[in-house]
Every structure is written in C-alpha cells, then in structure tokens.
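The next block is final.cif, given as mmCIF, C-alpha atoms.
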```
data_upload
#
loop_
_atom_site.label_atom_id
_atom_site.label_comp_id
_atom_site.auth_asym_id
_atom_site.auth_seq_id
_atom_site.Cartn_x
_atom_site.Cartn_y
_atom_site.Cartn_z
CA MET Y 495 58.21 34.11 31.75
CA THR Y 496 54.47 33.41 31.61
CA GLY Y 497 54.58 33.68 27.82
CA LEU Y 498 57.38 31.13 27.65
CA VAL Y 499 55.40 28.75 29.85
CA ARG Y 500 52.37 29.14 27.58
CA LYS Y 501 54.47 28.44 24.49
CA ALA Y 502 56.06 25.41 26.12
CA SER Y 503 52.63 24.09 27.08
CA LEU Y 504 51.34 24.69 23.57
CA PHE Y 505 54.27 22.86 21.97
CA CYS Y 506 53.81 20.00 24.44
CA ALA Y 507 50.11 19.74 23.59
CA LEU Y 508 50.84 19.82 19.87
CA GLY Y 509 53.46 17.13 20.32
CA LEU Y 510 50.99 14.91 22.13
CA MET Y 511 48.41 15.45 19.41
CA VAL Y 512 50.91 14.53 16.69
CA ALA Y 513 51.99 11.45 18.64
CA ALA Y 514 48.39 10.36 19.17
CA SER Y 515 47.61 10.86 15.50
CA ALA Y 516 50.60 8.77 14.48
CA MET Y 517 49.69 5.95 16.87
CA ALA Y 518 46.12 5.89 15.54
CA ALA Y 519 47.34 4.32 12.30
CA VAL Y 520 49.61 1.73 13.94
CA PRO Y 521 48.21 -1.78 14.60
CA SER Y 522 48.22 -2.85 18.23
CA PRO Y 523 49.20 -6.48 18.84
CA ALA Y 524 47.49 -6.40 22.24
CA LEU Y 525 44.18 -4.95 21.06
CA SER Y 526 43.88 -6.70 17.70
CA GLN Y 527 41.95 -9.98 17.44
CA LYS Y 528 44.13 -12.80 16.18
CA PRO Y 529 44.33 -16.61 16.50
CA ALA Y 530 46.84 -18.50 18.60
CA TYR Y 531 46.48 -21.49 16.23
CA ILE Y 532 45.84 -21.82 12.50
CA ASP Y 533 44.33 -25.06 11.20
CA VAL Y 534 45.74 -25.61 7.71
CA VAL Y 535 43.07 -27.55 5.81
CA GLY Y 536 42.17 -29.13 2.49
CA THR Y 537 39.03 -29.30 0.38
CA GLN Y 538 36.00 -31.42 -0.33
CA SER Y 539 35.23 -31.51 -4.07
CA GLY Y 540 37.10 -28.24 -4.45
CA THR Y 541 35.33 -26.43 -1.59
CA PRO Y 542 37.63 -25.30 1.22
CA ASP Y 543 37.04 -27.00 4.55
CA PRO Y 544 35.03 -24.40 6.56
CA GLY Y 545 36.70 -25.61 9.73
CA GLY Y 546 39.86 -23.79 8.70
CA ALA Y 547 38.32 -20.31 8.58
CA PHE Y 548 39.52 -17.72 11.11
CA THR Y 549 39.05 -13.97 11.43
CA ILE Y 550 41.57 -11.26 12.25
CA ILE Y 551 40.49 -7.79 13.39
CA VAL Y 552 43.22 -5.17 13.22
CA ARG Y 553 42.88 -2.39 15.81
CA ASP Y 554 45.09 0.58 16.67
CA PHE Y 555 46.26 1.62 20.14
CA ALA Y 556 42.93 3.35 20.77
CA SER Y 557 41.16 0.05 19.96
CA THR Y 558 39.79 1.56 16.75
CA PRO Y 559 39.53 -0.92 13.83
CA ILE Y 560 41.90 -0.17 10.95
CA ALA Y 561 40.29 -0.45 7.52
CA ASN Y 562 42.34 -1.44 4.45
CA SER Y 563 45.16 -2.79 6.60
CA GLN Y 564 47.36 -5.27 4.77
CA VAL Y 565 47.52 -8.53 6.69
CA VAL Y 566 50.24 -11.05 5.80
CA ILE Y 567 50.46 -14.58 7.18
CA ASP Y 568 54.02 -15.80 6.90
CA PHE Y 569 54.63 -19.57 6.97
CA LEU Y 570 58.34 -19.42 6.12
CA ALA Y 571 59.35 -20.97 9.45
CA CYS Y 572 56.71 -23.74 9.17
CA THR Y 573 59.20 -26.12 7.59
CA ASP Y 574 56.91 -29.15 7.93
CA MET Y 575 54.16 -27.89 5.56
CA ASN Y 576 53.52 -26.62 2.06
CA LEU Y 577 50.83 -24.19 0.97
CA CYS Y 578 48.36 -25.12 -1.73
CA THR Y 579 48.49 -23.09 -4.95
CA ALA Y 580 44.69 -22.76 -4.90
CA VAL Y 581 43.31 -19.27 -4.24
CA VAL Y 582 40.58 -18.82 -1.63
CA GLY Y 583 38.32 -15.80 -2.16
CA THR Y 584 40.35 -12.61 -2.44
CA GLN Y 585 43.37 -14.03 -0.64
CA VAL Y 586 46.68 -13.59 -2.44
CA GLN Y 587 48.94 -16.63 -2.40
CA ASP Y 588 52.70 -16.21 -2.80
CA CYS Y 589 54.52 -19.53 -3.04
CA PRO Y 590 58.11 -18.18 -3.20
CA THR Y 591 57.74 -16.28 0.08
CA ARG Y 592 55.37 -18.85 1.65
CA THR Y 593 52.86 -16.14 2.51
CA VAL Y 594 49.13 -15.48 2.19
CA ARG Y 595 47.82 -11.92 2.36
CA GLY Y 596 44.78 -9.71 2.04
CA PHE Y 597 43.28 -6.39 3.18
CA THR Y 598 40.85 -5.73 6.01
CA ASP Y 599 37.37 -4.42 5.26
CA GLY Y 600 35.71 -1.30 6.66
CA THR Y 601 35.40 -2.95 10.09
CA GLY Y 602 39.08 -3.84 10.26
CA SER Y 603 38.27 -7.52 9.70
CA ILE Y 604 39.57 -10.15 7.32
CA THR Y 605 38.81 -13.88 7.25
CA PHE Y 606 41.32 -16.42 5.95
CA THR Y 607 41.22 -20.11 5.13
CA ILE Y 608 44.67 -21.57 4.61
CA LEU Y 609 44.91 -24.53 2.22
CA GLY Y 610 47.92 -26.78 2.47
CA ALA Y 611 49.31 -30.01 3.86
CA GLY Y 612 52.10 -31.32 6.03
CA LYS Y 613 55.36 -33.08 5.30
CA ASN Y 614 55.29 -35.30 8.38
CA THR Y 615 56.62 -38.68 7.25
CA GLY Y 616 57.32 -40.03 10.71
CA ILE Y 617 60.56 -38.22 11.39
CA PRO Y 618 61.45 -35.69 14.10
CA ALA Y 619 61.65 -32.73 11.71
CA GLY Y 620 59.19 -29.89 12.08
CA PRO Y 621 58.75 -26.87 14.34
CA GLY Y 622 57.17 -26.89 17.75
CA ALA Y 623 54.97 -23.90 18.57
CA GLY Y 624 54.48 -20.54 16.88
CA CYS Y 625 56.04 -21.17 13.47
CA ALA Y 626 53.69 -18.80 11.61
CA ASN Y 627 53.71 -15.01 11.83
CA ILE Y 628 50.68 -12.72 11.37
CA ILE Y 629 51.75 -9.23 10.30
CA ALA Y 630 49.52 -6.16 9.85
CA ASP Y 631 51.03 -3.15 8.07
CA GLY Y 632 54.50 -4.36 9.00
CA VAL Y 633 53.66 -4.98 12.67
CA SER Y 634 53.81 -8.56 13.95
CA LEU Y 635 50.57 -9.31 15.81
CA VAL Y 636 51.23 -12.90 16.88
CA HIS Y 637 53.18 -16.07 16.09
CA PRO Y 638 50.45 -18.74 15.89
CA THR Y 639 51.02 -22.48 15.76
CA ALA Y 640 50.02 -24.17 12.49
CA THR Y 641 48.30 -27.57 12.58
CA GLU Y 642 47.83 -29.88 9.58
CA TYR Y 643 45.20 -32.62 9.59
CA ASP Y 644 46.64 -33.80 6.27
CA GLU Y 645 49.99 -34.47 7.87
CA ASN Y 646 51.83 -35.86 4.84
CA GLY Y 647 49.82 -34.73 1.80
CA ALA Y 648 52.54 -32.40 0.54
CA VAL Y 649 54.97 -35.29 0.07
CA SER Y 650 52.94 -38.49 -0.31
CA ASN Y 651 49.20 -39.15 0.13
CA ASN Y 652 47.11 -36.09 -0.72
CA GLY Y 653 44.12 -35.59 1.58
CA VAL Y 654 43.26 -36.80 5.09
CA GLY Y 655 43.71 -40.57 5.25
CA GLY Y 656 45.09 -43.51 7.19
CA THR Y 657 48.73 -42.64 6.60
CA ASP Y 658 48.14 -39.31 8.34
CA LEU Y 659 47.03 -41.22 11.41
CA SER Y 660 50.38 -43.01 11.43
CA SER Y 661 52.17 -39.66 11.18
CA PHE Y 662 50.14 -38.23 14.05
CA LEU Y 663 50.80 -41.28 16.21
CA TYR Y 664 54.53 -40.84 15.59
CA ASP Y 665 54.37 -37.30 16.98
CA PHE Y 666 52.15 -38.44 19.84
CA GLY Y 667 54.42 -41.31 20.79
CA HIS Y 668 57.69 -39.39 20.59
CA VAL Y 669 56.94 -36.22 22.54
CA GLY Y 670 59.48 -37.25 25.15
CA THR Y 671 62.31 -37.64 22.66
CA ASN Y 672 61.42 -35.28 19.81
CA GLY Y 673 59.52 -32.63 21.72
CA TYR Y 674 56.13 -31.02 21.14
CA LYS Y 675 55.09 -30.78 17.48
CA GLY Y 676 52.46 -28.11 16.96
CA ARG Y 677 51.38 -29.61 13.63
CA SER Y 678 49.50 -32.34 15.54
CA ASP Y 679 47.95 -30.19 18.29
CA PHE Y 680 44.41 -30.12 16.89
CA SER Y 681 42.89 -29.24 20.29
CA HIS Y 682 45.09 -26.13 20.55
CA SER Y 683 46.06 -27.09 24.09
CA GLY Y 684 49.85 -26.88 23.90
CA ALA Y 685 50.15 -30.66 24.36
CA LEU Y 686 49.48 -33.84 22.38
CA ASP Y 687 46.92 -36.20 23.87
CA GLY Y 688 43.84 -38.30 23.19
CA VAL Y 689 41.72 -35.24 22.45
CA ASP Y 690 43.90 -34.51 19.42
CA LEU Y 691 43.42 -38.08 18.21
CA SER Y 692 39.65 -37.75 18.62
CA LEU Y 693 39.62 -34.52 16.61
CA TRP Y 694 41.68 -36.10 13.82
CA ILE Y 695 39.26 -39.06 13.65
CA SER Y 696 36.33 -36.63 13.48
CA LYS Y 697 37.94 -34.77 10.59
CA PHE Y 698 38.68 -38.01 8.78
CA GLY Y 699 35.10 -39.19 9.23
CA SER Y 700 33.59 -35.91 8.00
CA ASN Y 701 35.47 -35.99 4.67
CA LYS Y 702 35.79 -32.21 4.91
CA SER Y 703 39.45 -32.20 3.89
CA VAL Y 704 39.57 -35.53 2.13
CA SER Y 705 40.58 -34.11 -1.24
CA GLY Y 706 43.50 -31.99 -0.08
CA CYS Y 707 44.57 -29.61 -2.85
CA PHE Y 708 41.74 -30.40 -5.25
CA GLY Y 709 42.73 -30.06 -8.91
CA VAL Y 710 45.86 -28.01 -8.19
CA SER Y 711 49.32 -28.57 -6.78
CA TYR Y 712 51.24 -27.65 -3.67
CA CYS Y 713 53.83 -24.90 -3.64
CA THR Y 714 57.30 -26.30 -4.15
CA PRO Y 715 59.44 -26.55 -0.99
#
```
Just dump the structure as structure tokens.
Amino acid sequence: MTGLVRKASLFCALGLMVAASAMAAVPSPALSQKPAYIDVVGTQSGTPDPGGAFTIIVRDFASTPIANSQVVIDFLACTDMNLCTAVVGTQVQDCPTRTVRGFTDGTGSITFTILGAGKNTGIPAGPGAGCANIIADGVSLVHPTATEYDENGAVSNNGVGGTDLSSFLYDFGHVGTNGYKGRSDFSHSGALDGVDLSLWISKFGSNKSVSGCFGVSYCTP
C-alpha cells in the first residue's frame, strides 16, 4: 500500500510540474501590461505623432515576461475608423483584417503607434467602449477603447482640423441620445467633458497629427 501511495504522489507531482510548465508559456491577461485606451494618431511631415505610442508587456501566469510573443491589435469592431496603410517601425499592417501586429523583444515588451483616422461625420454611428482587442499568442489581454483626434480624416478632411472639432462637439452634445462614444474620450475617463475638448485643442495647436496619413492612403472600409 505504501508503494502505491508513493507512486500516486509521484504521478501527482509530475502532473503539477507538467501543468506548471504548460502555463509558463501562456500569456496572463491579469499580469500583462496593456492599455485601456489606444490613441489612434496621424503624422507631422511623415513622422508618427509620438503621443500615440504605447507599450505592451506580455507576462505568463508566473509574471515572467514572454519573449517573441506575437501581439495582434484587432480593430475589426472599431467601425468608426480606418487604419493608415503606412508602416511604423517593424509593425505589420493588415488592411483586410484591420489588424496591426508584431513580436515582443527579449523583455516581453513591444511598443506600437497606430496610424489612422475616424469616420465621424456627425452621425450616431460608432462603437462606445472597448472596440479594439489586444491578443497575445491567441489569448485576449484586453479590449481597449480607441480614440481618434482626426475624427473624420478617413472620409473627408485628412489631418486634425476644424471639421474634427465639429465632429467631437456632435458626440459631446449627443451623449444623452446617442450614448458614450469612445472615439472622443481623449482623457480616457469613460465620459465626454470639457477635458476632452481641451486635449483636442492642444493636439490641434501642436500640429503633431496635422498631416494625417502623410503620403499614403487609408485602408479601404
């Protein structure tokens, strides 16, 4: 009987070791670093707006960074925006699937800057919160909200300009009837208010995204 108990204990220990080894390669949504909001930006003379950069760190369930993890940002449900066809760094742009992807470095980190523009023409259409999806090795880490300072550049005026202010004010003034529109939540607060307006004015005054998709086009809808 003692021998059977030893064997059972051994098999149990081996099983735990195998399980732990398997989990070590699986990204943990809770322990990975990821953004709750993504600011989709434009360019200034072809240089991506640095204000749009964000870093993701993929960690496993032991909080160990995962190197060479494939990170995909899926914008398929962000129906109020189009990606820019321009390539930023080593990012891979895929217009048909509305995704941007890349691989983490040796520290489990990857930094993205998403170029694109909105399709807000002063109508209720567009998602509320969490339209994007950040996926690491097939595991969804978070559904962040995507904002677009260039609210209408994908359909009319390319770059941050006065018509975008009109589009923002439409969202701001119709929260009660059309609901919260994440595309205009520049303060990342979960609500639209004067702070968002102030941030838009600051972006407009800095000219950081004034050129939108510089020298290239937007992905087709």
Residues picked by the PyMOL selection byres ((chain Y and resi 531-533) around 12) here, as a PyMOL selection string? chain Y and resi 528-530+534-536+543-550+567-569+572+575+605-612+623-628+636-645+676-684+693-694+697+703
May I have the selected residues written with C-alpha atoms, as a PDB file, keeping the file's coordinate frame?
```
ATOM      1  CA  LYS Y 528      44.130 -12.800  16.180  1.00  0.00           C
ATOM      2  CA  PRO Y 529      44.330 -16.610  16.500  1.00  0.00           C
ATOM      3  CA  ALA Y 530      46.840 -18.500  18.600  1.00  0.00           C
ATOM      4  CA  VAL Y 534      45.740 -25.610   7.710  1.00  0.00           C
ATOM      5  CA  VAL Y 535      43.070 -27.550   5.810  1.00  0.00           C
ATOM      6  CA  GLY Y 536      42.170 -29.130   2.490  1.00  0.00           C
ATOM      7  CA  ASP Y 543      37.040 -27.000   4.550  1.00  0.00           C
ATOM      8  CA  PRO Y 544      35.030 -24.400   6.560  1.00  0.00           C
ATOM      9  CA  GLY Y 545      36.700 -25.610   9.730  1.00  0.00           C
ATOM     10  CA  GLY Y 546      39.860 -23.790   8.700  1.00  0.00           C
ATOM     11  CA  ALA Y 547      38.320 -20.310   8.580  1.00  0.00           C
ATOM     12  CA  PHE Y 548      39.520 -17.720  11.110  1.00  0.00           C
ATOM     13  CA  THR Y 549      39.050 -13.970  11.430  1.00  0.00           C
ATOM     14  CA  ILE Y 550      41.570 -11.260  12.250  1.00  0.00           C
ATOM     15  CA  ILE Y 567      50.460 -14.580   7.180  1.00  0.00           C
ATOM     16  CA  ASP Y 568      54.020 -15.800   6.900  1.00  0.00           C
ATOM     17  CA  PHE Y 569      54.630 -19.570   6.970  1.00  0.00           C
ATOM     18  CA  CYS Y 572      56.710 -23.740   9.170  1.00  0.00           C
ATOM     19  CA  MET Y 575      54.160 -27.890   5.560  1.00  0.00           C
ATOM     20  CA  THR Y 605      38.810 -13.880   7.250  1.00  0.00           C
ATOM     21  CA  PHE Y 606      41.320 -16.420   5.950  1.00  0.00           C
ATOM     22  CA  THR Y 607      41.220 -20.110   5.130  1.00  0.00           C
ATOM     23  CA  ILE Y 608      44.670 -21.570   4.610  1.00  0.00           C
ATOM     24  CA  LEU Y 609      44.910 -24.530   2.220  1.00  0.00           C
ATOM     25  CA  GLY Y 610      47.920 -26.780   2.470  1.00  0.00           C
ATOM     26  CA  ALA Y 611      49.310 -30.010   3.860  1.00  0.00           C
ATOM     27  CA  GLY Y 612      52.100 -31.320   6.030  1.00  0.00           C
ATOM     28  CA  ALA Y 623      54.970 -23.900  18.570  1.00  0.00           C
ATOM     29  CA  GLY Y 624      54.480 -20.540  16.880  1.00  0.00           C
ATOM     30  CA  CYS Y 625      56.040 -21.170  13.470  1.00  0.00           C
ATOM     31  CA  ALA Y 626      53.690 -18.800  11.610  1.00  0.00           C
ATOM     32  CA  ASN Y 627      53.710 -15.010  11.830  1.00  0.00           C
ATOM     33  CA  ILE Y 628      50.680 -12.720  11.370  1.00  0.00           C
ATOM     34  CA  VAL Y 636      51.230 -12.900  16.880  1.00  0.00           C
ATOM     35  CA  HIS Y 637      53.180 -16.070  16.090  1.00  0.00           C
ATOM     36  CA  PRO Y 638      50.450 -18.740  15.890  1.00  0.00           C
ATOM     37  CA  THR Y 639      51.020 -22.480  15.760  1.00  0.00           C
ATOM     38  CA  ALA Y 640      50.020 -24.170  12.490  1.00  0.00           C
ATOM     39  CA  THR Y 641      48.300 -27.570  12.580  1.00  0.00           C
ATOM     40  CA  GLU Y 642      47.830 -29.880   9.580  1.00  0.00           C
ATOM     41  CA  TYR Y 643      45.200 -32.620   9.590  1.00  0.00           C
ATOM     42  CA  ASP Y 644      46.640 -33.800   6.270  1.00  0.00           C
ATOM     43  CA  GLU Y 645      49.990 -34.470   7.870  1.00  0.00           C
ATOM     44  CA  GLY Y 676      52.460 -28.110  16.960  1.00  0.00           C
ATOM     45  CA  ARG Y 677      51.380 -29.610  13.630  1.00  0.00           C
ATOM     46  CA  SER Y 678      49.500 -32.340  15.540  1.00  0.00           C
ATOM     47  CA  ASP Y 679      47.950 -30.190  18.290  1.00  0.00           C
ATOM     48  CA  PHE Y 680      44.410 -30.120  16.890  1.00  0.00           C
ATOM     49  CA  SER Y 681      42.890 -29.240  20.290  1.00  0.00           C
ATOM     50  CA  HIS Y 682      45.090 -26.130  20.550  1.00  0.00           C
ATOM     51  CA  SER Y 683      46.060 -27.090  24.090  1.00  0.00           C
ATOM     52  CA  GLY Y 684      49.850 -26.880  23.900  1.00  0.00           C
ATOM     53  CA  LEU Y 693      39.620 -34.520  16.610  1.00  0.00           C
ATOM     54  CA  TRP Y 694      41.680 -36.100  13.820  1.00  0.00           C
ATOM     55  CA  LYS Y 697      37.940 -34.770  10.590  1.00  0.00           C
ATOM     56  CA  SER Y 703      39.450 -32.200   3.890  1.00  0.00           C
TER      57      SER Y 703
END
```
Just want the 10 Å neighbourhood of region 553-558 of chain Y, counted on only C-alpha atoms, with same-chain residues fewer than 5 positions away dropped. Output as JSON, numbers by chain. {"Y": [514, 517, 518, 519, 520, 521, 522, 523, 524, 525, 526, 527, 563, 601, 602, 603, 630]}
CA of Asp690 (chain Y) and CA of Asn576 (chain Y) are how many Å apart?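 Computing it gives 21.4 Å between the two atoms.
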Starting from the displayed file, determine the output of the PyMOL selection byres ((chain Y and resi 664-670) around 9) and express the residue list as an MDAnalysis selection string. chainID Y and resid 614:618 659:663 671:675 677:678 685:688 691
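Between CA of Ile560 (chain Y) and CA of Thr584 (chain Y) the interatomic distance comes to 18.3 Å.
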Computed gap from CA of Ile629 (chain Y) to CA of Gln585 (chain Y) is 14.6 Å
Kindly compute an axis-aligned box around the listed atoms of region 550-557 of chain Y, allowing 6 Å on each side, and express its centre and edge lengths in Å to one decimal as JSON.
```
{"center_x": 43.4, "center_y": -4.0, "center_z": 16.5, "size_x": 17.8, "size_y": 26.6, "size_z": 20.5}
```
Among the residues Y:Thr579, Y:Ser696, Y:Gln564, Y:Ser634, the one that comes closest to Gly709 (chain Y) [using only C-alpha atoms]: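 Between Y:Thr579, Y:Ser696, Y:Gln564, Y:Ser634, the residue approaching Gly709 (chain Y) most closely is Y:Thr579.
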With distances taken over all atoms listed in the file, which residue among Y:Asp599, Y:Asp588, Y:Asp631, Y:Asp658 lies nearest Ile695 (chain Y)?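 Checking each candidate against Ile695 (chain Y), we get Y:Asp658 as the closest.
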Find, counting all atoms listed in the file, the residue in Y:Pro542, Y:Gly620, Y:Gly632, Y:Pro559 that gets nearest to Asn646 (chain Y).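 Ranking Y:Pro542, Y:Gly620, Y:Gly632, Y:Pro559 by distance to Asn646 (chain Y), first place goes to Y:Gly620.
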Between Y:Pro590, Y:Gly583, Y:Gly653, Y:Gly600, which is the closest to Val552 (chain Y) once you count all atoms listed in the file?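 Distance minimum relative to Val552 (chain Y) lands on Y:Gly600.
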Between Y:Pro621, Y:Cys578, Y:Ala561, Y:Ser650, single out the one closest to Gly596 (chain Y), counting all atoms listed in the file.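 Looking only at the distances to Gly596 (chain Y), the closest residue turns out to be Y:Ala561.
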